[in-house]
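Shown below: query08.csv, with CSV, C-alpha atoms.
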chain,number,residue,atom,x,y,z
A,498,MET,CA,-3.7,58.6,18.0
A,499,SER,CA,0.0,59.3,18.2
A,500,THR,CA,2.5,57.4,20.3
A,501,ALA,CA,5.0,60.2,20.2
A,502,PRO,CA,7.9,60.6,20.9
A,503,ASP,CA,8.8,57.6,18.8
A,504,GLY,CA,8.4,59.9,15.8
A,505,LEU,CA,5.8,57.6,14.3
A,506,PHE,CA,2.0,57.7,14.3
A,507,GLU,CA,0.1,54.7,15.4
A,508,TYR,CA,-3.6,54.4,16.1
A,509,GLY,CA,-4.8,53.3,19.5
A,510,GLY,CA,-6.3,49.9,19.8
A,511,ALA,CA,-5.9,47.4,17.0
A,512,PRO,CA,-3.9,48.5,14.0
A,513,VAL,CA,-6.2,48.0,11.0
A,514,SER,CA,-3.6,48.3,8.2
A,515,GLY,CA,0.0,47.6,7.6
A,516,GLY,CA,0.1,43.9,8.4
A,517,ARG,CA,1.8,41.3,6.3
A,518,PHE,CA,-1.0,39.5,4.6
A,519,SER,CA,-0.5,36.0,3.4
A,520,SER,CA,-1.4,35.8,-0.3
A,521,PRO,CA,-4.0,33.2,-1.4
A,522,TRP,CA,-1.2,31.3,-3.0
A,523,ALA,CA,1.1,31.4,0.1
A,524,THR,CA,2.3,28.0,1.4
A,525,HIS,CA,3.6,27.1,4.9
A,526,TYR,CA,6.7,25.0,5.2
A,527,PHE,CA,8.1,23.2,8.1
A,528,VAL,CA,11.8,22.5,9.0
A,529,ASP,CA,12.7,19.8,11.6
A,530,TYR,CA,16.4,18.8,11.4
A,531,ASP,CA,16.2,15.8,13.8
A,532,ASN,CA,13.1,14.3,12.3
A,533,GLY,CA,12.8,15.7,8.7
A,534,ALA,CA,14.3,15.0,5.3
A,535,ASP,CA,15.0,17.3,2.5
A,536,SER,CA,13.3,14.8,0.2
A,537,ASN,CA,10.0,15.7,1.9
A,538,ASP,CA,7.8,18.4,0.6
A,539,GLY,CA,7.9,20.3,3.9
A,540,ARG,CA,4.2,21.1,3.8
A,541,SER,CA,3.3,19.5,7.1
A,542,PRO,CA,5.1,18.9,10.5
A,543,ASP,CA,5.2,15.2,9.7
A,544,GLY,CA,6.7,15.8,6.3
A,545,ALA,CA,9.1,18.5,7.4
A,546,MET,CA,12.4,19.3,5.6
A,547,LYS,CA,15.7,18.8,7.3
A,548,THR,CA,17.5,22.0,6.4
A,549,ILE,CA,16.5,25.6,6.4
A,550,GLN,CA,18.0,26.1,2.9
A,551,ALA,CA,16.0,23.4,1.4
A,552,ALA,CA,12.8,25.0,2.7
A,553,VAL,CA,13.9,28.4,1.4
A,554,THR,CA,14.6,27.0,-2.0
A,555,ALA,CA,11.2,25.4,-2.1
A,556,THR,CA,9.3,28.6,-1.1
A,557,GLY,CA,7.8,31.3,-3.2
A,558,ARG,CA,6.8,34.9,-2.5
A,559,GLY,CA,4.8,35.4,0.6
A,560,ASP,CA,5.4,32.0,2.1
A,561,VAL,CA,6.1,31.2,5.7
A,562,ILE,CA,8.7,28.8,7.1
A,563,TYR,CA,8.3,27.4,10.6
A,564,ILE,CA,11.6,26.0,12.1
A,565,ARG,CA,11.5,23.6,15.0
A,566,PRO,CA,14.3,23.7,17.6
A,567,ARG,CA,16.8,20.9,17.4
A,568,LYS,CA,17.3,18.3,20.1
A,569,TYR,CA,18.7,19.2,23.5
A,570,THR,CA,22.5,19.0,24.0
A,571,SER,CA,23.8,16.0,25.9
A,572,ASP,CA,23.9,18.0,29.2
A,573,GLY,CA,20.4,19.5,28.5
A,574,SER,CA,21.7,23.0,29.0
A,575,ASP,CA,21.0,24.1,25.5
A,576,VAL,CA,19.6,23.0,22.1
A,577,GLU,CA,21.7,21.9,19.1
A,578,ARG,CA,22.0,24.3,16.2
A,579,TYR,CA,21.3,24.3,12.5
A,580,ILE,CA,24.7,24.5,11.0
A,581,GLU,CA,24.2,26.1,7.6
A,582,ALA,CA,24.8,29.1,5.5
A,583,VAL,CA,21.4,30.1,4.2
A,584,THR,CA,20.7,32.4,1.3
A,585,VAL,CA,17.3,33.8,0.4
A,586,PRO,CA,17.2,34.6,-3.3
A,587,TYR,CA,15.9,37.9,-4.7
A,588,ALA,CA,12.8,36.3,-6.2
A,589,THR,CA,11.5,35.1,-2.9
A,590,ALA,CA,10.1,38.3,-1.7
A,591,ASP,CA,7.9,38.7,1.4
A,592,LEU,CA,9.2,35.4,3.0
A,593,SER,CA,8.7,34.9,6.7
A,594,MET,CA,11.0,32.7,8.8
A,595,ILE,CA,9.6,31.9,12.2
A,596,GLY,CA,11.5,30.0,14.9
A,597,VAL,CA,9.5,27.8,17.2
A,598,SER,CA,10.4,27.7,20.9
A,599,ASN,CA,10.4,24.8,23.4
A,600,THR,CA,8.9,27.2,26.0
A,601,TYR,CA,5.6,29.1,25.9
A,602,GLN,CA,7.4,32.4,25.5
A,603,GLY,CA,8.7,32.4,22.0
A,604,ASN,CA,12.2,32.3,23.6
A,605,PRO,CA,14.8,32.4,20.8
A,606,ASN,CA,17.6,31.3,23.2
A,607,TYR,CA,15.8,28.0,23.7
A,608,GLY,CA,14.4,27.7,20.2
A,609,ALA,CA,15.6,27.4,16.6
A,610,LYS,CA,19.2,28.4,16.3
A,611,LEU,CA,21.1,29.0,13.1
A,612,GLN,CA,24.9,29.0,13.2
A,613,TYR,CA,27.6,29.4,10.6
A,614,THR,CA,30.9,28.1,11.8
A,615,GLU,CA,33.3,29.1,9.0
A,616,THR,CA,35.9,31.8,9.5
A,617,SER,CA,34.4,34.0,6.8
A,618,GLY,CA,31.0,34.3,5.2
A,619,THR,CA,27.5,34.9,6.5
A,620,ALA,CA,24.9,32.7,8.3
A,621,LEU,CA,21.9,34.2,6.7
A,622,THR,CA,22.1,36.2,3.4
A,623,VAL,CA,18.9,37.9,2.4
A,624,ASN,CA,18.7,39.2,-1.1
A,625,ALA,CA,14.9,39.4,-1.2
A,626,PRO,CA,12.7,42.4,-0.3
A,627,ALA,CA,10.3,42.4,2.7
A,628,PHE,CA,11.9,39.5,4.5
A,629,HIS,CA,10.7,38.8,8.0
A,630,ILE,CA,12.5,36.8,10.7
A,631,GLU,CA,11.1,36.1,14.2
A,632,ASN,CA,12.0,34.1,17.3
A,633,MET,CA,15.4,32.9,16.0
A,634,CYS,CA,18.9,32.9,17.3
A,635,VAL,CA,21.5,33.5,14.6
A,636,ARG,CA,25.1,33.0,15.5
A,637,ALA,CA,28.1,33.4,13.3
A,638,GLU,CA,31.0,33.5,15.7
A,639,GLY,CA,34.2,34.1,13.7
A,640,ALA,CA,32.4,34.7,10.4
A,641,ASP,CA,31.6,38.0,8.8
A,642,TYR,CA,27.9,38.6,9.4
A,643,ALA,CA,25.1,36.8,11.3
A,644,ILE,CA,22.6,38.4,8.9
A,645,ASP,CA,23.3,40.3,5.7
A,646,PHE,CA,20.3,42.1,4.3
A,647,VAL,CA,21.5,42.8,0.8
A,648,SER,CA,19.3,45.1,-1.2
A,649,ASN,CA,21.7,47.4,-2.9
A,650,SER,CA,24.0,47.4,-5.9
A,651,ASP,CA,23.8,43.8,-6.8
A,652,TYR,CA,20.1,43.8,-7.0
A,653,SER,CA,19.4,47.5,-7.6
A,654,THR,CA,16.5,47.5,-5.2
A,655,ALA,CA,17.5,50.3,-2.9
A,656,ALA,CA,15.4,52.9,-4.8
A,657,GLY,CA,12.1,51.4,-3.8
A,658,SER,CA,12.5,47.9,-2.3
A,659,CYS,CA,10.8,47.2,1.0
A,660,GLY,CA,13.2,46.5,3.8
A,661,PRO,CA,13.3,43.6,6.1
A,662,THR,CA,11.7,43.2,9.5
A,663,MET,CA,13.2,41.5,12.6
A,664,TYR,CA,11.4,40.6,15.8
A,665,ASN,CA,12.7,38.8,18.9
A,666,VAL,CA,15.9,37.7,17.3
A,667,VAL,CA,19.1,37.1,19.2
A,668,ILE,CA,22.3,37.8,17.3
A,669,ARG,CA,25.4,36.4,18.8
A,670,GLY,CA,29.0,37.1,17.8
A,671,SER,CA,30.4,37.5,14.3
A,672,LEU,CA,32.3,40.5,13.0
A,673,TYR,CA,29.1,42.3,12.3
A,674,GLY,CA,25.8,41.2,13.7
A,675,VAL,CA,23.5,42.6,11.1
A,676,ARG,CA,24.4,44.5,7.9
A,677,LEU,CA,21.6,46.4,6.3
A,678,SER,CA,22.2,47.8,2.8
A,679,GLY,CA,19.5,49.9,1.2
A,680,GLY,CA,15.8,49.2,1.3
A,681,TYR,CA,13.0,51.2,2.8
A,682,ALA,CA,11.3,51.0,6.1
A,683,ALA,CA,13.4,48.2,7.7
A,684,ASN,CA,12.2,47.4,11.2
A,685,ILE,CA,14.5,45.8,13.8
A,686,VAL,CA,12.3,45.4,16.9
A,687,GLY,CA,12.6,43.7,20.3
A,688,SER,CA,15.9,42.0,19.4
A,689,ARG,CA,19.1,41.4,21.4
A,690,PHE,CA,22.6,41.8,20.0
A,691,GLU,CA,25.2,39.9,21.9
A,692,GLY,CA,28.5,41.4,20.8
A,693,GLY,CA,31.9,41.3,22.4
A,694,ALA,CA,35.6,41.5,21.8
A,695,ALA,CA,35.5,39.8,18.4
A,696,THR,CA,32.6,41.9,17.2
A,697,ASP,CA,33.2,45.1,15.3
A,698,SER,CA,29.6,46.4,15.4
A,699,SER,CA,26.2,44.9,16.1
A,700,ILE,CA,24.3,46.7,13.4
A,701,VAL,CA,25.9,48.5,10.5
A,702,LEU,CA,23.8,50.5,8.0
A,703,TYR,CA,25.6,50.6,4.7
A,704,CYS,CA,24.3,53.1,2.3
A,705,SER,CA,25.7,54.2,-1.1
A,706,ALA,CA,24.4,56.8,-3.4
A,707,GLN,CA,21.0,55.5,-2.5
A,708,VAL,CA,19.4,57.1,0.6
A,709,GLN,CA,18.3,54.6,3.2
A,710,ARG,CA,14.9,55.6,4.4
A,711,ARG,CA,12.8,55.1,7.4
A,712,VAL,CA,14.9,52.5,9.2
A,713,ARG,CA,13.5,51.9,12.7
A,714,ILE,CA,15.5,50.2,15.5
A,715,LYS,CA,13.2,49.9,18.5
A,716,ASP,CA,13.3,48.1,21.9
A,717,CYS,CA,16.6,46.4,21.3
A,718,HIS,CA,19.3,45.5,23.7
A,719,PHE,CA,23.0,45.6,22.8
A,720,ASP,CA,25.3,43.8,25.2
A,721,CYS,CA,28.6,42.0,25.5
A,722,PHE,CA,28.3,38.3,26.1
A,723,ASN,CA,32.0,37.8,26.9
A,724,GLY,CA,32.4,40.8,29.2
A,725,ALA,CA,34.3,42.9,26.7
A,726,ALA,CA,33.0,45.7,24.6
A,727,ASN,CA,32.5,45.6,20.9
A,728,ASP,CA,35.6,46.8,19.0
A,729,ASN,CA,33.7,49.7,17.7
A,730,ALA,CA,30.3,51.4,18.0
A,731,TYR,CA,27.3,49.1,18.5
A,732,ILE,CA,25.4,50.8,15.7
A,733,ARG,CA,27.5,52.2,12.8
A,734,ILE,CA,25.8,54.3,10.1
A,735,TYR,CA,27.3,55.1,6.8
A,736,GLY,CA,24.9,57.7,5.4
A,737,PRO,CA,23.0,59.0,3.6
A,738,THR,CA,20.0,58.0,5.7
A,739,THR,CA,16.7,59.8,6.3
A,740,ASP,CA,13.9,59.4,8.8
A,741,LEU,CA,16.1,57.0,10.9
A,742,LEU,CA,14.7,56.2,14.3
A,743,ILE,CA,16.6,54.5,17.2
A,744,TYR,CA,14.1,54.3,20.1
A,745,ARG,CA,14.0,52.9,23.5
A,746,CYS,CA,17.2,50.8,23.2
A,747,THR,CA,19.7,49.9,25.9
A,748,PHE,CA,23.5,49.6,25.4
A,749,ASP,CA,26.2,47.9,27.5
A,750,ILE,CA,29.7,49.3,28.1
A,751,VAL,CA,30.9,51.7,25.5
A,752,GLY,CA,32.5,50.4,22.3
A,753,GLY,CA,36.3,50.1,21.8
A,754,ASP,CA,36.3,53.3,19.8
A,755,GLY,CA,34.6,55.2,22.6
A,756,THR,CA,31.3,55.4,20.9
A,757,TYR,CA,27.9,53.7,21.1
A,758,ILE,CA,26.4,55.0,17.9
A,759,ASN,CA,28.6,56.4,15.2
A,760,ALA,CA,27.0,58.1,12.2
A,761,THR,CA,29.0,59.4,9.3
A,762,GLY,CA,27.7,61.0,6.1
A,763,THR,CA,24.5,62.9,5.7
A,764,ASN,CA,21.8,61.6,8.0
A,765,LEU,CA,18.4,62.8,9.3
A,766,GLY,CA,16.9,61.0,12.2
A,767,LEU,CA,16.2,60.7,15.9
A,768,VAL,CA,17.8,58.8,18.8
A,769,ALA,CA,15.3,58.9,21.6
A,770,ASP,CA,14.9,57.5,25.1
A,771,CYS,CA,17.9,55.2,25.1
A,772,PHE,CA,20.0,54.0,28.0
A,773,PHE,CA,23.7,53.7,27.9
A,774,GLY,CA,25.9,51.8,30.2
A,775,ALA,CA,28.4,54.6,30.8
A,776,SER,CA,28.7,56.0,34.3
A,777,ASP,CA,28.7,59.5,32.8
A,778,LEU,CA,27.8,59.6,29.2
A,779,SER,CA,30.2,61.7,27.2
A,780,THR,CA,29.0,64.0,24.5
A,781,THR,CA,31.4,62.2,22.2
A,782,ALA,CA,29.9,58.8,22.9
A,783,ILE,CA,27.4,59.4,20.1
A,784,VAL,CA,28.8,60.7,16.8
A,785,GLU,CA,25.6,62.3,15.6
A,786,GLY,CA,26.3,62.8,11.9
A,787,GLY,CA,23.1,64.8,11.6
A,788,LEU,CA,21.0,62.7,14.0
A,789,LYS,CA,19.1,64.4,16.9
A,790,ILE,CA,19.5,62.9,20.4
A,791,VAL,CA,16.9,63.3,23.0
A,792,GLY,CA,16.5,61.4,26.3
A,793,ALA,CA,20.0,59.8,26.5
A,794,TRP,CA,20.4,58.2,30.0
A,795,ASP,CA,23.5,56.8,31.7
A,796,THR,CA,24.1,54.7,34.8
A,797,GLY,CA,24.5,57.9,36.8
A,798,GLY,CA,20.9,58.6,36.3
A,799,ILE,CA,21.6,61.9,34.7
A,800,ASN,CA,19.7,63.1,31.7
A,801,THR,CA,22.5,64.2,29.4
A,802,SER,CA,20.3,65.1,26.4
A,803,THR,CA,22.2,67.0,23.8
B,1122,MET,CA,-4.3,15.1,19.0
B,1123,ALA,CA,-6.7,16.8,16.7
B,1124,ASN,CA,-5.5,19.6,14.5
B,1125,ILE,CA,-7.4,22.2,12.5
B,1126,ILE,CA,-6.8,20.9,9.0
B,1127,ILE,CA,-7.9,22.9,6.1
B,1128,PRO,CA,-7.6,21.6,2.6
B,1129,GLY,CA,-5.3,23.3,0.0
B,1130,HIS,CA,-2.3,25.4,0.7
B,1131,ASP,CA,-3.3,26.2,4.3
B,1132,LYS,CA,-3.1,22.9,5.8
B,1133,PHE,CA,-2.0,24.3,9.1
B,1134,GLY,CA,-4.7,27.0,9.3
B,1135,LYS,CA,-5.7,30.2,7.5
B,1136,THR,CA,-4.5,32.6,10.1
B,1137,ARG,CA,-1.5,32.8,12.4
B,1138,SER,CA,-3.5,32.2,15.5
B,1139,GLU,CA,-4.7,28.9,14.0
B,1140,HIS,CA,-1.1,28.1,13.1
B,1141,GLU,CA,-0.1,28.8,16.7
B,1142,GLU,CA,-2.7,26.6,18.2
B,1143,ASN,CA,-1.7,23.8,16.0
B,1144,MET,CA,2.0,24.5,16.6
B,1145,ARG,CA,1.5,24.2,20.3
B,1146,LYS,CA,0.1,20.7,19.9
B,1147,GLU,CA,3.1,19.6,17.7
B,1148,TRP,CA,6.3,21.5,18.3
B,1149,GLY,CA,6.0,24.4,20.8
B,1150,SER,CA,5.2,28.1,20.6
B,1151,THR,CA,6.1,31.1,18.7
B,1152,MET,CA,4.5,33.7,21.0
B,1153,THR,CA,3.3,34.3,24.5
B,1154,ASP,CA,-0.3,33.6,25.7
B,1155,GLU,CA,-0.9,37.4,25.9
B,1156,GLN,CA,0.3,37.9,22.3
B,1157,LEU,CA,-2.0,35.1,21.2
B,1158,ASP,CA,-4.9,36.8,22.8
B,1159,LYS,CA,-4.0,40.1,21.1
B,1160,LEU,CA,-3.5,38.3,17.8
B,1161,LYS,CA,-7.0,36.8,17.9
B,1162,TYR,CA,-8.4,40.2,18.7
B,1163,LEU,CA,-6.5,41.7,15.7
B,1164,GLU,CA,-7.6,39.0,13.3
B,1165,ARG,CA,-11.2,39.4,14.5
B,1166,LYS,CA,-11.1,43.2,14.0
B,1167,ARG,CA,-9.7,42.9,10.5
B,1168,LYS,CA,-12.2,40.3,9.5
B,1169,ASP,CA,-15.0,42.5,10.7
B,1170,LYS,CA,-13.6,45.6,9.0
B,1171,TRP,CA,-12.1,44.2,5.8
B,1172,GLY,CA,-13.5,40.7,5.5
B,1173,ILE,CA,-10.0,39.2,5.7
B,1174,GLU,CA,-10.1,35.6,6.5
B,1175,LYS,CA,-6.6,34.6,5.6
B,1176,GLU,CA,-3.6,36.5,6.8
B,1177,PHE,CA,-0.2,36.2,8.5
B,1178,ASN,CA,0.6,38.8,11.1
B,1179,THR,CA,4.0,39.4,12.7
B,1180,MET,CA,4.4,40.1,16.4
B,1181,ILE,CA,5.5,43.6,15.4
B,1182,GLU,CA,1.9,44.2,14.5
B,1183,VAL,CA,0.5,42.3,17.4
B,1184,ASP,CA,2.5,44.3,19.9
B,1185,LYS,CA,0.8,47.5,18.7
B,1186,VAL,CA,-2.5,46.2,20.1
B,1187,LYS,CA,-2.9,48.0,23.5

Structure rendered as structure tokens:
Amino acid sequence: MSTAPDGLFEYGGAPVSGGRFSSPWATHYFVDYDNGADSNDGRSPDGAMKTIQAAVTATGRGDVIYIRPRKYTSDGSDVERYIEAVTVPYATADLSMIGVSNTYQGNPNYGAKLQYTETSGTALTVNAPAFHIENMCVRAEGADYAIDFVSNSDYSTAAGSCGPTMYNVVIRGSLYGVRLSGGYAANIVGSRFEGGAATDSSIVLYCSAQVQRRVRIKDCHFDCFNGAANDNAYIRIYGPTTDLLIYRCTFDIVGGDGTYINATGTNLGLVADCFFGASDLSTTAIVEGGLKIVGAWDTGGINTST
Amino acid sequence: MANIIIPGHDKFGKTRSEHEENMRKEWGSTMTDEQLDKLKYLERKRKDKWGIEKEFNTMIEVDKVK
């Protein structure tokens, strides 16, 4: 029954509960920049909307948005990007945003890309509980956050609001890749964070007086797309948190402050079975802040569990 | 090109696997073939156990199917 040591209990075979069920009133929307129009109702591929924000504005709780990749660039090496700053309002809870890929692999690097090009601000601001994003590439090079999951003081939801889920998302650049404020049971799974010299941290967990509970970061890769390390730790945690799990992740060269994970405040959680790009992982490379570390591996192949 | 069209809100299908099969005819994919197989298995199990005919599963759930 258990899949320990990830600290969670899962049943073998097919999970029979815990899915995100589409409500009987849920509607599916389609976004296609190169062929759509915001005057469309977005309810079919032929009547797709042009911008992601228009679709988000049209949606209600529990709805699903499919986003088509844009046309190829002139040299065919990439696809064009949706250039927008998107905000999901608080009332639109349980919204799913799914990128479609040109390949049969759900490849976000060759699929729907959202980019925000301003020098400040955020590409995707999520004020709603239980938001889900999948198969997307979100870039905000030069801006503040690629994705900002807001669920704290402005919306007073941290004391019970369901957190977001992310799957197969590529986050490129920006000062912070993902900021997560409050909310319960956020899941960041199977995603890649491409940081670098202009990136402070790839994931930052901001808590306040509210305890952030049951955040899970699993099977993620943290690297440096421009060959230089992040300015600071890849994952920064400003407690209090409890039941935090960072499991089976890989990290590139150590951050500019000499750390990979830096937890301050009061925290309770586990960092398990992670690989770090240091030749000899120092005991100071993870500022534990109350977290327990097991199975920390470095490029020397030495288990330096602490 | 023949799609599975269902009247009402679910024009693209009642379940994510129906969405995916329609999506592949129109735009591309949102999952691998292996994930699609697992998704169909998951939907069938839930339908048998709970009678659920309309749902939207994420790949986080699908990847739990071993």

Taking only C-alpha atoms into account, what are the residues of chain B at most 9 Å from chain A, put as a ChimeraX atom specification? /B:1130-1133,1135-1136,1144-1145,1147-1154,1159,1162-1163,1166-1167,1170-1171,1175-1183,1185-1187

Show me the residues close to (27.2, 39.0, 7.4) - anything with an atom within 9 Å, counting all atoms listed in the file - and format the list as a list in words.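 Neighbouring residues, ordered by chain and number, come to Ser617, Gly618, Thr619, Ala620, Leu621, Thr622, Ala637, Ala640, Asp641, Tyr642, Ala643, Ile644, Asp645, Phe646, Ser671, Leu672, Tyr673, Gly674, Val675 and Arg676 of chain A.
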
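What separates atom CA of A:Ser536 from atom CA of A:Met594 is a distance of 20.0 Å.
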
Nearest residue to B:Glu1155 out of B:Asn1143, B:Lys1168, B:Ser1138, B:Glu1174, using all atoms listed in the file?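 Closest candidate: B:Ser1138.
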
So, with only C-alpha atoms as the atoms that count, which of A:Leu677, A:Ala695, A:Ala609, A:Ala588 lies closest to A:Tyr569? A:Ala609

By how many Å are atom CA of A:Arg578 and atom CA of A:Gly533 apart?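 So the answer is 14.7 Å.
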
Can you tell me, as a PyMOL selection string, what residues are no more than 8 Å from A:Gly755 when counting only C-alpha atoms, ignoring any on the same chain fewer than 4 positions away? chain A and resi 729-730+751+781-782

Within 9 Å of (13.9, 19.3, 13.0), all atoms listed in the file: residues as a PyMOL selection string? chain A and resi 527-534+545-548+564-568+579

What's the separation between atom CA of A:Leu767 and atom CA of A:His718, in Å to one decimal place?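 Between atom CA of A:Leu767 and atom CA of A:His718 the gap is 17.4 Å.
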
For stretch 1138-1157 of chain B in the structure I just supplied, write out N, CA and C atoms - as a PDB file, in the first residue's frame.
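Wrote it out as out.pdb, contents follow:
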ATOM      1  N   SER B1138      -9.784  11.361 -21.503  1.00  0.00           N
ATOM      2  CA  SER B1138      -9.297  10.515 -22.600  1.00  0.00           C
ATOM      3  C   SER B1138     -10.045  10.825 -23.890  1.00  0.00           C
ATOM      4  N   GLU B1139     -11.338  11.150 -23.789  1.00  0.00           N
ATOM      5  CA  GLU B1139     -12.075  11.568 -24.987  1.00  0.00           C
ATOM      6  C   GLU B1139     -11.540  12.912 -25.483  1.00  0.00           C
ATOM      7  N   HIS B1140     -11.245  13.805 -24.557  1.00  0.00           N
ATOM      8  CA  HIS B1140     -10.622  15.079 -24.954  1.00  0.00           C
ATOM      9  C   HIS B1140      -9.333  14.817 -25.726  1.00  0.00           C
ATOM     10  N   GLU B1141      -8.517  13.927 -25.176  1.00  0.00           N
ATOM     11  CA  GLU B1141      -7.205  13.683 -25.760  1.00  0.00           C
ATOM     12  C   GLU B1141      -7.319  13.121 -27.176  1.00  0.00           C
ATOM     13  N   GLU B1142      -8.236  12.171 -27.333  1.00  0.00           N
ATOM     14  CA  GLU B1142      -8.380  11.569 -28.666  1.00  0.00           C
ATOM     15  C   GLU B1142      -8.896  12.585 -29.671  1.00  0.00           C
ATOM     16  N   ASN B1143      -9.776  13.449 -29.249  1.00  0.00           N
ATOM     17  CA  ASN B1143     -10.224  14.527 -30.137  1.00  0.00           C
ATOM     18  C   ASN B1143      -9.110  15.538 -30.389  1.00  0.00           C
ATOM     19  N   MET B1144      -8.359  15.831 -29.323  1.00  0.00           N
ATOM     20  CA  MET B1144      -7.292  16.824 -29.434  1.00  0.00           C
ATOM     21  C   MET B1144      -6.232  16.387 -30.445  1.00  0.00           C
ATOM     22  N   ARG B1145      -5.953  15.107 -30.451  1.00  0.00           N
ATOM     23  CA  ARG B1145      -4.916  14.613 -31.368  1.00  0.00           C
ATOM     24  C   ARG B1145      -5.347  14.748 -32.824  1.00  0.00           C
ATOM     25  N   LYS B1146      -6.640  14.754 -33.064  1.00  0.00           N
ATOM     26  CA  LYS B1146      -7.125  14.951 -34.436  1.00  0.00           C
ATOM     27  C   LYS B1146      -7.056  16.420 -34.839  1.00  0.00           C
ATOM     28  N   GLU B1147      -7.037  17.293 -33.845  1.00  0.00           N
ATOM     29  CA  GLU B1147      -7.141  18.722 -34.141  1.00  0.00           C
ATOM     30  C   GLU B1147      -5.813  19.472 -33.956  1.00  0.00           C
ATOM     31  N   TRP B1148      -5.231  19.321 -32.770  1.00  0.00           N
ATOM     32  CA  TRP B1148      -4.146  20.225 -32.400  1.00  0.00           C
ATOM     33  C   TRP B1148      -2.840  19.546 -32.038  1.00  0.00           C
ATOM     34  N   GLY B1149      -2.897  18.390 -31.456  1.00  0.00           N
ATOM     35  CA  GLY B1149      -1.684  17.756 -30.942  1.00  0.00           C
ATOM     36  C   GLY B1149      -2.022  16.954 -29.704  1.00  0.00           C
ATOM     37  N   SER B1150      -1.061  16.765 -28.839  1.00  0.00           N
ATOM     38  CA  SER B1150      -1.280  15.894 -27.683  1.00  0.00           C
ATOM     39  C   SER B1150      -1.039  16.646 -26.379  1.00  0.00           C
ATOM     40  N   THR B1151      -1.558  16.068 -25.301  1.00  0.00           N
ATOM     41  CA  THR B1151      -1.246  16.604 -23.979  1.00  0.00           C
ATOM     42  C   THR B1151      -0.649  15.521 -23.081  1.00  0.00           C
ATOM     43  N   MET B1152      -0.400  14.361 -23.666  1.00  0.00           N
ATOM     44  CA  MET B1152       0.166  13.268 -22.851  1.00  0.00           C
ATOM     45  C   MET B1152       0.798  12.245 -23.784  1.00  0.00           C
ATOM     46  N   THR B1153       1.551  11.323 -23.213  1.00  0.00           N
ATOM     47  CA  THR B1153       2.151  10.252 -24.001  1.00  0.00           C
ATOM     48  C   THR B1153       1.124   9.145 -24.238  1.00  0.00           C
ATOM     49  N   ASP B1154       1.433   8.248 -25.161  1.00  0.00           N
ATOM     50  CA  ASP B1154       0.532   7.123 -25.422  1.00  0.00           C
ATOM     51  C   ASP B1154       0.378   6.252 -24.177  1.00  0.00           C
ATOM     52  N   GLU B1155       1.467   6.060 -23.448  1.00  0.00           N
ATOM     53  CA  GLU B1155       1.411   5.253 -22.235  1.00  0.00           C
ATOM     54  C   GLU B1155       0.493   5.901 -21.198  1.00  0.00           C
ATOM     55  N   GLN B1156       0.589   7.218 -21.061  1.00  0.00           N
ATOM     56  CA  GLN B1156      -0.286   7.913 -20.119  1.00  0.00           C
ATOM     57  C   GLN B1156      -1.748   7.810 -20.542  1.00  0.00           C
ATOM     58  N   LEU B1157      -1.992   7.850 -21.844  1.00  0.00           N
ATOM     59  CA  LEU B1157      -3.368   7.724 -22.326  1.00  0.00           C
ATOM     60  C   LEU B1157      -3.926   6.347 -21.974  1.00  0.00           C
TER      61      LEU B1157
END
